[in-house]
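Listing of run_36.cif, mmCIF, C-alpha atoms
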data_coords
#
loop_
_atom_site.group_PDB
_atom_site.id
_atom_site.type_symbol
_atom_site.label_atom_id
_atom_site.label_comp_id
_atom_site.auth_asym_id
_atom_site.auth_seq_id
_atom_site.Cartn_x
_atom_site.Cartn_y
_atom_site.Cartn_z
ATOM 1 C CA MET A 1 112.593 109.645 82.713
ATOM 2 C CA ARG A 2 111.751 107.908 85.969
ATOM 3 C CA ILE A 3 108.340 106.357 86.253
ATOM 4 C CA ALA A 4 106.745 106.386 89.716
ATOM 5 C CA TYR A 5 105.704 102.754 89.972
ATOM 6 C CA ARG A 6 104.423 102.806 93.532
ATOM 7 C CA PRO A 7 101.331 104.995 93.072
ATOM 8 C CA ILE A 8 100.423 103.081 89.911
ATOM 9 C CA VAL A 9 100.682 99.683 91.602
ATOM 10 C CA LEU A 10 98.792 100.918 94.664
ATOM 11 C CA GLY A 11 96.108 102.430 92.455
ATOM 12 C CA LEU A 12 95.709 99.223 90.455
ATOM 13 C CA LEU A 13 95.501 97.171 93.658
ATOM 14 C CA ALA A 14 92.789 99.469 95.039
ATOM 15 C CA ALA A 15 90.836 99.307 91.762
ATOM 16 C CA GLY A 16 91.085 95.526 91.664
ATOM 17 C CA PHE A 17 89.903 95.214 95.250
ATOM 18 C CA SER A 18 86.941 97.532 94.552
ATOM 19 C CA ILE A 19 85.929 95.502 91.526
ATOM 20 C CA LEU A 20 86.000 92.312 93.606
ATOM 21 C CA LEU A 21 83.856 93.922 96.305
ATOM 22 C CA LEU A 22 81.444 95.337 93.737
ATOM 23 C CA GLN A 23 81.045 91.976 92.039
ATOM 24 C CA ARG A 24 80.370 90.341 95.371
ATOM 25 C CA ALA A 25 77.782 93.014 96.198
ATOM 26 C CA LEU A 26 76.151 92.689 92.783
ATOM 27 C CA ALA A 27 76.077 88.925 93.237
ATOM 28 C CA GLY A 28 73.972 89.391 96.353
ATOM 29 C CA GLY A 29 76.510 87.873 98.674
ATOM 30 C CA GLY A 30 76.361 84.528 96.872
ATOM 31 C CA HIS A 31 72.572 84.385 96.846
ATOM 32 C CA TYR A 32 72.260 85.769 93.350
ATOM 33 C CA PHE A 33 71.036 83.532 90.528
ATOM 34 C CA PRO A 34 70.511 85.392 87.235
ATOM 35 C CA PRO A 35 66.792 85.358 86.353
ATOM 36 C CA VAL A 36 65.547 83.826 83.110
ATOM 37 C CA GLY A 37 66.409 86.223 80.294
ATOM 38 C CA ASP A 38 64.604 84.490 77.441
ATOM 39 C CA PRO A 39 61.024 85.755 76.838
ATOM 40 C CA LEU A 40 59.785 82.363 75.600
ATOM 41 C CA VAL A 41 61.194 80.536 78.629
ATOM 42 C CA ASN A 42 59.750 83.208 80.902
ATOM 43 C CA GLU A 43 56.330 82.847 79.317
ATOM 44 C CA GLU A 44 56.241 79.052 79.410
ATOM 45 C CA CYS A 45 57.956 78.498 82.779
ATOM 46 C CA GLY A 46 56.804 81.632 84.540
ATOM 47 C CA SER A 47 53.015 81.564 84.040
ATOM 48 C CA CYS A 48 52.226 79.260 86.954
ATOM 49 C CA HIS A 49 55.270 79.689 89.179
ATOM 50 C CA LEU A 50 58.439 81.729 89.421
ATOM 51 C CA ALA A 51 60.571 81.004 86.364
ATOM 52 C CA TYR A 52 63.292 79.375 88.444
ATOM 53 C CA PRO A 53 66.825 80.450 87.548
ATOM 54 C CA PRO A 54 68.489 77.838 85.323
ATOM 55 C CA SER A 55 71.643 77.965 87.482
ATOM 56 C CA MET A 56 69.774 76.295 90.353
ATOM 57 C CA LEU A 57 69.818 72.808 88.817
ATOM 58 C CA PRO A 58 72.287 70.784 86.741
ATOM 59 C CA ALA A 59 71.633 70.413 83.010
ATOM 60 C CA ALA A 60 70.599 66.756 83.448
ATOM 61 C CA SER A 61 67.801 67.832 85.814
ATOM 62 C CA TRP A 62 66.449 70.330 83.288
ATOM 63 C CA ARG A 63 66.521 67.676 80.566
ATOM 64 C CA ARG A 64 64.521 65.280 82.775
ATOM 65 C CA LEU A 65 61.993 68.013 83.646
ATOM 66 C CA ILE A 66 61.315 69.221 80.121
ATOM 67 C CA GLY A 67 61.262 65.604 78.956
ATOM 68 C CA ASP A 68 58.095 64.940 80.986
ATOM 69 C CA LEU A 69 56.033 68.141 80.970
ATOM 70 C CA ARG A 70 52.859 66.095 80.479
ATOM 71 C CA ASN A 71 53.245 65.122 84.104
ATOM 72 C CA HIS A 72 54.816 68.185 85.673
ATOM 73 C CA PHE A 73 54.429 67.507 89.421
ATOM 74 C CA GLY A 74 50.867 66.390 88.764
ATOM 75 C CA ASP A 75 50.019 69.100 86.235
ATOM 76 C CA ASP A 76 49.939 68.981 82.454
ATOM 77 C CA ALA A 77 52.415 71.658 81.398
ATOM 78 C CA SER A 78 53.123 70.217 77.965
ATOM 79 C CA VAL A 79 54.304 72.435 75.112
ATOM 80 C CA ASP A 80 54.899 71.675 71.441
ATOM 81 C CA ALA A 81 58.178 70.019 70.441
ATOM 82 C CA PRO A 82 59.980 73.088 69.015
ATOM 83 C CA THR A 83 59.120 75.088 72.143
ATOM 84 C CA ALA A 84 60.330 72.281 74.397
ATOM 85 C CA ALA A 85 63.588 72.137 72.442
ATOM 86 C CA ARG A 86 64.162 75.887 72.778
ATOM 87 C CA ILE A 87 63.437 75.810 76.509
ATOM 88 C CA THR A 88 65.775 72.842 77.013
ATOM 89 C CA ASP A 89 68.534 74.607 75.072
ATOM 90 C CA TYR A 90 68.246 77.716 77.205
ATOM 91 C CA LEU A 91 68.033 75.930 80.558
ATOM 92 C CA THR A 92 70.862 73.473 79.881
ATOM 93 C CA ALA A 93 73.129 76.210 78.465
ATOM 94 C CA ASN A 94 72.729 78.220 81.695
ATOM 95 C CA ALA A 95 72.562 75.338 84.171
ATOM 96 C CA ALA A 96 74.472 75.056 87.447
ATOM 97 C CA ASP A 97 77.066 72.790 85.829
ATOM 98 C CA SER A 98 77.390 74.690 82.517
ATOM 99 C CA GLY A 99 76.982 78.386 81.667
ATOM 100 C CA GLY A 100 75.576 79.243 85.095
ATOM 101 C CA ARG A 101 78.395 77.536 87.002
ATOM 102 C CA ARG A 102 79.625 80.795 88.515
ATOM 103 C CA TYR A 103 76.295 81.264 90.313
ATOM 104 C CA GLY A 104 74.993 77.739 90.652
ATOM 105 C CA GLU A 105 78.027 75.617 91.512
ATOM 106 C CA LYS A 106 77.367 76.036 95.238
ATOM 107 C CA MET A 107 73.823 74.675 94.792
ATOM 108 C CA LEU A 108 75.269 71.336 93.709
ATOM 109 C CA ARG A 109 77.355 70.811 96.858
ATOM 110 C CA GLY A 110 76.524 67.517 98.472
ATOM 111 C CA LEU A 111 74.993 66.197 95.306
ATOM 112 C CA ALA A 112 76.500 62.946 94.012
ATOM 113 C CA PRO A 113 77.959 63.247 90.503
ATOM 114 C CA GLY A 114 75.375 62.284 87.907
ATOM 115 C CA GLU A 115 72.474 62.874 90.285
ATOM 116 C CA ALA A 116 69.682 64.844 88.617
ATOM 117 C CA PRO A 117 66.929 65.768 91.094
ATOM 118 C CA LEU A 118 63.691 67.183 89.684
ATOM 119 C CA ARG A 119 63.110 69.605 92.522
ATOM 120 C CA ILE A 120 65.386 72.437 93.615
ATOM 121 C CA THR A 121 64.029 71.761 97.125
ATOM 122 C CA GLU A 122 65.635 68.281 97.057
ATOM 123 C CA LEU A 123 69.155 69.667 96.782
ATOM 124 C CA PRO A 124 71.157 69.061 100.000
ATOM 125 C CA ARG A 125 72.289 72.652 99.823
ATOM 126 C CA TRP A 126 68.702 73.940 99.598
ATOM 127 C CA ILE A 127 67.649 71.787 102.553
ATOM 128 C CA ARG A 128 70.560 73.056 104.641
ATOM 129 C CA GLU A 129 69.843 76.699 103.798
ATOM 130 C CA HIS A 130 66.187 76.315 104.816
ATOM 131 C CA ARG A 131 66.649 74.087 107.877
ATOM 132 C CA LYS A 132 65.694 76.876 110.270
ATOM 133 C CA VAL A 133 62.391 77.714 108.585
ATOM 134 C CA PRO A 134 59.664 76.488 110.947
ATOM 135 C CA ASP A 135 56.802 74.344 109.736
ATOM 136 C CA ARG A 136 54.158 76.955 110.467
ATOM 137 C CA ASP A 137 55.915 79.335 108.061
ATOM 138 C CA TRP A 138 55.614 76.776 105.261
ATOM 139 C CA ARG A 139 51.920 76.362 106.061
ATOM 140 C CA HIS A 140 51.288 80.116 106.095
ATOM 141 C CA LYS A 141 48.490 81.092 103.691
ATOM 142 C CA ASP A 142 50.832 83.280 101.666
ATOM 143 C CA VAL A 143 53.442 80.527 101.325
ATOM 144 C CA ARG A 144 51.677 77.145 101.184
ATOM 145 C CA THR A 145 54.364 75.475 99.072
ATOM 146 C CA ARG A 146 58.135 75.324 98.966
ATOM 147 C CA ALA A 147 57.841 76.225 95.267
ATOM 148 C CA ASN A 148 56.729 79.717 96.245
ATOM 149 C CA CYS A 149 60.168 81.346 96.636
ATOM 150 C CA PRO A 150 58.968 84.970 96.259
ATOM 151 C CA ALA A 151 56.709 84.633 99.318
ATOM 152 C CA CYS A 152 59.839 85.139 101.457
ATOM 153 C CA HIS A 153 62.538 86.092 98.951
ATOM 154 C CA VAL A 154 60.866 89.302 97.806
ATOM 155 C CA ASP A 155 63.494 89.980 95.133
ATOM 156 C CA ALA A 156 63.495 86.425 93.738
ATOM 157 C CA GLN A 157 62.003 87.642 90.463
ATOM 158 C CA ARG A 158 65.178 89.685 89.950
ATOM 159 C CA GLY A 159 67.447 86.835 90.951
ATOM 160 C CA TYR A 160 68.152 87.741 94.577
ATOM 161 C CA PHE A 161 67.474 85.005 97.129
ATOM 162 C CA ASP A 162 68.754 86.640 100.295
ATOM 163 C CA GLU A 163 66.820 86.248 103.492
ATOM 164 C CA MET B 1 31.011 118.538 11.698
ATOM 165 C CA LYS B 2 29.983 121.413 13.865
ATOM 166 C CA GLY B 3 27.637 119.151 15.791
ATOM 167 C CA ALA B 4 30.380 116.590 16.404
ATOM 168 C CA LEU B 5 32.741 119.247 17.704
ATOM 169 C CA HIS B 6 30.066 120.559 19.971
ATOM 170 C CA GLU B 7 29.527 117.087 21.325
ATOM 171 C CA GLU B 8 33.234 116.631 21.873
ATOM 172 C CA ILE B 9 33.467 119.855 23.817
ATOM 173 C CA ALA B 10 30.428 118.914 25.815
ATOM 174 C CA GLY B 11 31.967 115.508 26.509
ATOM 175 C CA ALA B 12 35.230 117.084 27.596
ATOM 176 C CA ARG B 13 33.320 119.367 29.875
ATOM 177 C CA THR B 14 31.207 116.696 31.477
ATOM 178 C CA ALA B 15 33.900 114.054 31.835
ATOM 179 C CA PRO B 16 35.775 115.694 34.754
ATOM 180 C CA GLN B 17 32.501 116.396 36.485
ATOM 181 C CA ALA B 18 31.551 112.736 36.259
ATOM 182 C CA SER B 19 34.929 111.548 37.677
ATOM 183 C CA HIS B 20 34.647 113.691 40.793
ATOM 184 C CA PRO B 21 32.091 111.608 42.726
ATOM 185 C CA LEU B 22 34.001 108.443 41.838
ATOM 186 C CA ALA B 23 37.293 109.817 43.156
ATOM 187 C CA ALA B 24 35.560 111.090 46.264
ATOM 188 C CA ARG B 25 33.975 107.698 46.831
ATOM 189 C CA LEU B 26 37.346 105.985 46.374
ATOM 190 C CA ALA B 27 39.049 108.369 48.786
ATOM 191 C CA ALA B 28 36.283 107.980 51.359
ATOM 192 C CA GLY B 29 36.446 104.226 51.052
ATOM 193 C CA LEU B 30 40.203 104.259 51.474
ATOM 194 C CA ALA B 31 40.008 106.551 54.510
ATOM 195 C CA ALA B 32 37.318 104.401 56.116
ATOM 196 C CA GLY B 33 39.394 101.319 55.429
ATOM 197 C CA LEU B 34 42.478 102.888 57.004
ATOM 198 C CA LEU B 35 40.472 103.990 60.053
ATOM 199 C CA ALA B 36 38.860 100.606 60.481
ATOM 200 C CA TRP B 37 42.076 98.678 59.907
ATOM 201 C CA PRO B 38 43.577 98.851 63.425
ATOM 202 C CA LEU B 39 40.175 98.024 64.950
ATOM 203 C CA ALA B 40 39.741 95.073 62.660
ATOM 204 C CA ALA B 41 43.267 93.889 63.469
ATOM 205 C CA LEU B 42 42.423 93.907 67.198
ATOM 206 C CA ALA B 43 38.953 92.400 67.001
ATOM 207 C CA GLY B 44 39.907 89.838 64.366
ATOM 208 C CA PRO B 45 41.492 87.043 66.409
ATOM 209 C CA ARG B 46 38.703 87.124 69.022
ATOM 210 C CA ASP B 47 35.945 87.010 66.425
ATOM 211 C CA ASP B 48 37.803 84.214 64.656
ATOM 212 C CA LEU B 49 38.033 82.277 67.925
ATOM 213 C CA LEU B 50 34.300 82.532 68.547
ATOM 214 C CA ALA B 51 33.513 81.704 64.922
ATOM 215 C CA GLY B 52 35.645 78.562 65.177
ATOM 216 C CA TYR B 53 33.988 77.380 68.401
ATOM 217 C CA SER B 54 30.579 78.300 67.008
ATOM 218 C CA SER B 55 30.932 76.074 63.953
ATOM 219 C CA ALA B 56 32.299 73.271 66.144
ATOM 220 C CA ALA B 57 29.334 73.624 68.513
ATOM 221 C CA LYS B 58 26.888 73.525 65.594
ATOM 222 C CA LYS B 59 28.436 70.295 64.396
ATOM 223 C CA VAL B 60 27.794 68.668 67.789
ATOM 224 C CA ASP B 61 24.354 70.183 68.286
ATOM 225 C CA PRO B 62 22.519 71.427 65.148
ATOM 226 C CA SER B 63 20.068 73.364 67.348
ATOM 227 C CA PHE B 64 22.924 75.504 68.755
ATOM 228 C CA ILE B 65 21.992 79.147 68.243
ATOM 229 C CA GLY B 66 24.800 81.099 69.884
ATOM 230 C CA PHE B 67 27.025 81.641 72.894
ATOM 231 C CA SER B 68 25.854 83.193 76.124
ATOM 232 C CA ALA B 69 28.002 85.339 78.403
ATOM 233 C CA SER B 70 25.757 84.593 81.384
ATOM 234 C CA ARG B 71 26.126 80.836 80.796
ATOM 235 C CA GLY B 72 29.879 81.508 80.693
ATOM 236 C CA ASP B 73 29.612 83.345 84.005
ATOM 237 C CA SER B 74 27.989 80.395 85.783
ATOM 238 C CA PHE B 75 30.446 77.984 84.110
ATOM 239 C CA HIS B 76 33.304 80.111 85.450
ATOM 240 C CA ARG B 77 32.070 79.701 89.041
ATOM 241 C CA ARG B 78 30.707 76.157 88.949
ATOM 242 C CA ALA B 79 32.539 73.542 91.031
ATOM 243 C CA PHE B 80 33.275 70.342 89.110
ATOM 244 C CA ALA B 81 34.059 66.988 90.661
ATOM 245 C CA GLY B 82 36.024 65.446 87.775
ATOM 246 C CA GLY B 83 39.235 67.421 88.103
ATOM 247 C CA LYS B 84 41.775 68.025 90.820
ATOM 248 C CA ALA B 85 40.495 68.527 94.346
ATOM 249 C CA GLU B 86 42.405 71.782 94.885
ATOM 250 C CA THR B 87 41.048 73.382 91.701
ATOM 251 C CA PRO B 88 37.327 72.520 91.425
ATOM 252 C CA ALA B 89 36.415 75.674 89.423
ATOM 253 C CA CYS B 90 37.921 78.168 86.980
ATOM 254 C CA ALA B 91 37.375 80.688 89.749
ATOM 255 C CA SER B 92 39.612 78.688 92.132
ATOM 256 C CA CYS B 93 42.633 80.325 90.518
ATOM 257 C CA HIS B 94 41.096 83.142 88.461
ATOM 258 C CA SER B 95 38.786 84.467 91.234
ATOM 259 C CA ASN B 96 35.014 84.896 90.867
ATOM 260 C CA ASP B 97 35.398 88.402 89.492
ATOM 261 C CA PRO B 98 37.044 88.297 86.054
ATOM 262 C CA ARG B 99 38.186 91.885 86.502
ATOM 263 C CA ALA B 100 40.207 90.927 89.579
ATOM 264 C CA ALA B 101 43.628 89.267 89.554
ATOM 265 C CA GLY B 102 43.877 85.581 90.384
ATOM 266 C CA ARG B 103 46.479 83.391 92.009
ATOM 267 C CA THR B 104 48.027 80.052 91.024
ATOM 268 C CA PRO B 105 48.446 77.247 93.591
ATOM 269 C CA THR B 106 52.141 78.211 93.775
ATOM 270 C CA GLY B 107 51.183 81.759 94.708
ATOM 271 C CA LYS B 108 51.863 83.503 91.424
ATOM 272 C CA ARG B 109 49.586 86.388 90.442
ATOM 273 C CA ILE B 110 47.369 85.822 87.382
ATOM 274 C CA GLU B 111 46.425 88.984 85.542
ATOM 275 C CA PRO B 112 42.635 89.514 85.232
ATOM 276 C CA MET B 113 40.912 87.547 82.467
ATOM 277 C CA ALA B 114 38.418 90.300 81.529
ATOM 278 C CA VAL B 115 39.194 91.970 78.219
ATOM 279 C CA SER B 116 38.350 95.406 79.626
ATOM 280 C CA ILE B 117 41.287 95.079 82.051
ATOM 281 C CA SER B 118 43.699 92.840 80.123
ATOM 282 C CA ALA B 119 43.298 94.132 76.576
ATOM 283 C CA ALA B 120 46.079 91.960 75.150
ATOM 284 C CA ARG B 121 44.418 88.662 76.067
ATOM 285 C CA TYR B 122 42.904 86.226 73.548
ATOM 286 C CA SER B 123 44.847 87.630 70.596
ATOM 287 C CA ASP B 124 46.920 84.454 70.137
ATOM 288 C CA PRO B 125 44.678 81.455 69.310
ATOM 289 C CA ALA B 126 47.456 78.953 70.068
ATOM 290 C CA LYS B 127 47.797 80.365 73.578
ATOM 291 C CA VAL B 128 44.029 80.205 74.160
ATOM 292 C CA ASP B 129 44.030 76.631 72.939
ATOM 293 C CA LYS B 130 46.942 75.663 75.166
ATOM 294 C CA TRP B 131 45.316 77.016 78.335
ATOM 295 C CA PHE B 132 41.891 75.516 77.610
ATOM 296 C CA ARG B 133 43.591 72.152 77.086
ATOM 297 C CA ARG B 134 45.520 72.338 80.373
ATOM 298 C CA ASN B 135 42.971 74.040 82.592
ATOM 299 C CA CYS B 136 39.897 72.065 81.495
ATOM 300 C CA GLN B 137 41.817 68.893 82.319
ATOM 301 C CA GLU B 138 42.739 70.263 85.760
ATOM 302 C CA VAL B 139 39.296 71.600 86.628
ATOM 303 C CA LEU B 140 36.841 69.288 84.833
ATOM 304 C CA GLY B 141 39.020 66.246 84.303
ATOM 305 C CA ARG B 142 38.112 66.345 80.599
ATOM 306 C CA GLU B 143 38.273 68.580 77.562
ATOM 307 C CA CYS B 144 35.841 71.500 77.520
ATOM 308 C CA SER B 145 33.200 71.425 74.782
ATOM 309 C CA ALA B 146 33.193 74.065 72.058
ATOM 310 C CA GLN B 147 30.067 75.571 73.576
ATOM 311 C CA GLU B 148 31.647 75.800 77.050
ATOM 312 C CA LYS B 149 34.723 77.489 75.582
ATOM 313 C CA GLY B 150 32.622 79.929 73.529
ATOM 314 C CA ASP B 151 30.361 80.781 76.480
ATOM 315 C CA TRP B 152 33.309 81.357 78.772
ATOM 316 C CA LEU B 153 35.109 83.521 76.181
ATOM 317 C CA SER B 154 31.916 85.511 75.550
ATOM 318 C CA PHE B 155 31.721 86.182 79.277
ATOM 319 C CA MET B 156 35.338 87.400 79.362
ATOM 320 C CA PHE B 157 34.845 89.542 76.229
ATOM 321 C CA SER B 158 31.775 91.124 77.846
ATOM 322 C CA GLN B 159 33.656 92.016 81.013
#

Show this structure as structure tokens.
Amino acid sequence: MRIAYRPIVLGLLAAGFSILLLQRALAGGGHYFPPVGDPLVNEECGSCHLAYPPSMLPAASWRRLIGDLRNHFGDDASVDAPTAARITDYLTANAADSGGRRYGEKMLRGLAPGEAPLRITELPRWIREHRKVPDRDWRHKDVRTRANCPACHVDAQRGYFDE
Amino acid sequence: MKGALHEEIAGARTAPQASHPLAARLAAGLAAGLLAWPLAALAGPRDDLLAGYSSAAKKVDPSFIGFSASRGDSFHRRAFAGGKAETPACASCHSNDPRAAGRTPTGKRIEPMAVSISAARYSDPAKVDKWFRRNCQEVLGRECSAQEKGDWLSFMFSQ
């Protein structure tokens, strides 16, 4: 029996291409960072501000942050030791240079190896992406701080940071 | 002999009659307990919180007689100088009206603090403790006293 290879190969190629396109679309054109999926991390990190996606910073940054929650950008955000350990585990496991590499690797471009900034807004990549945002937009009463991603990125809560 | 038998029969006759009210009382008690159980489970942690702050307040001030929701209301709105400049009062983030949503300095919505709107609040004592510790430091620049905590909670429970 003769097997018709051509339609099969063409079909597989088309399917593969569709999957690639779909993944790209689902990934929000490269501006997708999976939101925090752990309820404890969401509760502790998401009460005052957006629970920033772990894939936006390298693991060393998360370790530094959780290591000094008593002085969290001027606020006391301290938690008990077991909670801190669980949060650190989750954030470092999904960081831009570990489990979240697929989404966060691009955020680390321009960052010297071993550098561990405490703010996402200090990343060269973040600065470049926001270079066109005028000062008056940052001072707008509904924005007020660069930590307030969802003011402009309306789907940030779901992980989408498109314009 | 005859008399004893008569007594026995009489006893056998009266015994079930006597057990009826007891069984009914037991059943009623059980039913009431079952009905009250979910209510007690909900009210419990809040009452325990107030009881804890009440005994702490009595220790500090033996003349303490109880918490006041209206004192809690004015505490909620009062501007303090000891804390951070951008958050002088509880109401800075939580809004003056406890039934309304608030907003953190980073722009995140805070669900209303009033129990009538946010029924799930104040059921976890550790969480209450954590936020008093953080927020009193930010607003007053010190720990809140047991009386301040109890007054403020009484205000939120009344709303």

Could the residues of chain A that have an atom at most 8 Å from chain B be listed as a tab-separated table, each with its closest atom pair and the distance in Å to one decimal, counting all atoms listed in the file and ordered by chain and ascending residue number?
residue	atom	partner	partner_atom	distance
A:Ser47	CA	B:Lys108	CA	7.7
A:Cys48	CA	B:Thr104	CA	5.9
A:His49	CA	B:Lys108	CA	5.6
A:Leu50	CA	B:Lys108	CA	7.1
A:Asp75	CA	B:Glu138	CA	7.4
A:Asp76	CA	B:Arg134	CA	5.9
A:Ala77	CA	B:Arg134	CA	7.0
A:Asp142	CA	B:Gly107	CA	7.1
A:Val143	CA	B:Gly107	CA	7.1
A:Arg144	CA	B:Thr106	CA	7.5
A:Thr145	CA	B:Thr106	CA	6.4
A:Ala147	CA	B:Thr106	CA	6.2
A:Asn148	CA	B:Thr106	CA	5.4
A:Ala151	CA	B:Gly107	CA	7.7

Find the residues around Arg119 in chain A up to 12 Å (all atoms listed in the file counted), leave out those fewer than 4 positions away in its own chain, and share them as a ChimeraX atom specification. /A:52,56-58,61-62,64-65,72-73,115,123-124,126-127,146-147

Between CA of Ala93 in chain A and CA of Asp155 in chain A lies a distance of 23.7 Å

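For the residues B:Ala100, B:Leu153, B:Ala146, B:Ala85, ranking by smallest atom-to-atom distance to Asp61 in chain B using only C-alpha atoms places B:Ala146 first.
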
To verify the selection step, state as JSON, numbers by chain which residues the PyMOL selection byres ((chain B and resi 57) around 12) yields on this input. {"B": [50, 51, 52, 53, 54, 55, 56, 58, 59, 60, 61, 62, 63, 64, 65, 66, 67, 144, 145, 146, 147, 148, 149, 150, 151]}

Convert the current residue selection to file output with C-alpha atoms, as a PDB file, in the coordinates of the input.
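Output file again_22.pdb is given in full below:
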ATOM      1  CA  LEU B  50      34.300  82.532  68.547  1.00  0.00           C
ATOM      2  CA  ALA B  51      33.513  81.704  64.922  1.00  0.00           C
ATOM      3  CA  GLY B  52      35.645  78.562  65.177  1.00  0.00           C
ATOM      4  CA  TYR B  53      33.988  77.380  68.401  1.00  0.00           C
ATOM      5  CA  SER B  54      30.579  78.300  67.008  1.00  0.00           C
ATOM      6  CA  SER B  55      30.932  76.074  63.953  1.00  0.00           C
ATOM      7  CA  ALA B  56      32.299  73.271  66.144  1.00  0.00           C
ATOM      8  CA  LYS B  58      26.888  73.525  65.594  1.00  0.00           C
ATOM      9  CA  LYS B  59      28.436  70.295  64.396  1.00  0.00           C
ATOM     10  CA  VAL B  60      27.794  68.668  67.789  1.00  0.00           C
ATOM     11  CA  ASP B  61      24.354  70.183  68.286  1.00  0.00           C
ATOM     12  CA  PRO B  62      22.519  71.427  65.148  1.00  0.00           C
ATOM     13  CA  SER B  63      20.068  73.364  67.348  1.00  0.00           C
ATOM     14  CA  PHE B  64      22.924  75.504  68.755  1.00  0.00           C
ATOM     15  CA  ILE B  65      21.992  79.147  68.243  1.00  0.00           C
ATOM     16  CA  GLY B  66      24.800  81.099  69.884  1.00  0.00           C
ATOM     17  CA  PHE B  67      27.025  81.641  72.894  1.00  0.00           C
ATOM     18  CA  CYS B 144      35.841  71.500  77.520  1.00  0.00           C
ATOM     19  CA  SER B 145      33.200  71.425  74.782  1.00  0.00           C
ATOM     20  CA  ALA B 146      33.193  74.065  72.058  1.00  0.00           C
ATOM     21  CA  GLN B 147      30.067  75.571  73.576  1.00  0.00           C
ATOM     22  CA  GLU B 148      31.647  75.800  77.050  1.00  0.00           C
ATOM     23  CA  LYS B 149      34.723  77.489  75.582  1.00  0.00           C
ATOM     24  CA  GLY B 150      32.622  79.929  73.529  1.00  0.00           C
ATOM     25  CA  ASP B 151      30.361  80.781  76.480  1.00  0.00           C
TER      26      ASP B 151
END

If I only have part of range 47-58 of chain B, can you fill in N, CA, C and O atoms and write it as a short mmCIF file (atom, residue, chain, number, x, y, z; two decimals), keeping the file's coordinate frame?
data_model
loop_
_atom_site.label_atom_id
_atom_site.label_comp_id
_atom_site.auth_asym_id
_atom_site.auth_seq_id
_atom_site.Cartn_x
_atom_site.Cartn_y
_atom_site.Cartn_z
N ASP B 47 37.10 87.42 67.23
CA ASP B 47 35.94 87.01 66.42
C ASP B 47 36.21 85.66 65.77
O ASP B 47 35.33 84.81 65.70
N ASP B 48 37.45 85.48 65.29
CA ASP B 48 37.80 84.21 64.66
C ASP B 48 37.69 83.06 65.65
O ASP B 48 37.22 81.98 65.31
N LEU B 49 38.13 83.30 66.88
CA LEU B 49 38.03 82.28 67.92
C LEU B 49 36.59 81.85 68.11
O LEU B 49 36.27 80.65 68.06
N LEU B 50 35.72 82.83 68.32
CA LEU B 50 34.30 82.53 68.55
C LEU B 50 33.68 81.84 67.34
O LEU B 50 32.91 80.88 67.49
N ALA B 51 34.07 82.31 66.14
CA ALA B 51 33.51 81.70 64.92
C ALA B 51 33.91 80.23 64.84
O ALA B 51 33.09 79.37 64.50
N GLY B 52 35.16 79.94 65.20
CA GLY B 52 35.65 78.56 65.18
C GLY B 52 34.88 77.68 66.15
O GLY B 52 34.42 76.59 65.80
N TYR B 53 34.70 78.16 67.40
CA TYR B 53 33.99 77.38 68.40
C TYR B 53 32.51 77.26 68.03
O TYR B 53 31.88 76.25 68.31
N SER B 54 31.98 78.32 67.40
CA SER B 54 30.58 78.30 67.01
C SER B 54 30.31 77.20 65.98
O SER B 54 29.35 76.43 66.11
N SER B 55 31.19 77.10 64.98
CA SER B 55 30.93 76.07 63.95
C SER B 55 31.16 74.68 64.54
O SER B 55 30.46 73.73 64.17
N ALA B 56 32.09 74.57 65.49
CA ALA B 56 32.30 73.27 66.14
C ALA B 56 31.09 72.90 66.99
O ALA B 56 30.68 71.73 67.04
N ALA B 57 30.50 73.89 67.66
CA ALA B 57 29.33 73.62 68.51
C ALA B 57 28.12 73.22 67.67
O ALA B 57 27.34 72.36 68.07
N LYS B 58 28.00 73.86 66.49
CA LYS B 58 26.89 73.53 65.59
C LYS B 58 27.00 72.09 65.10
O LYS B 58 25.99 71.41 64.91
#
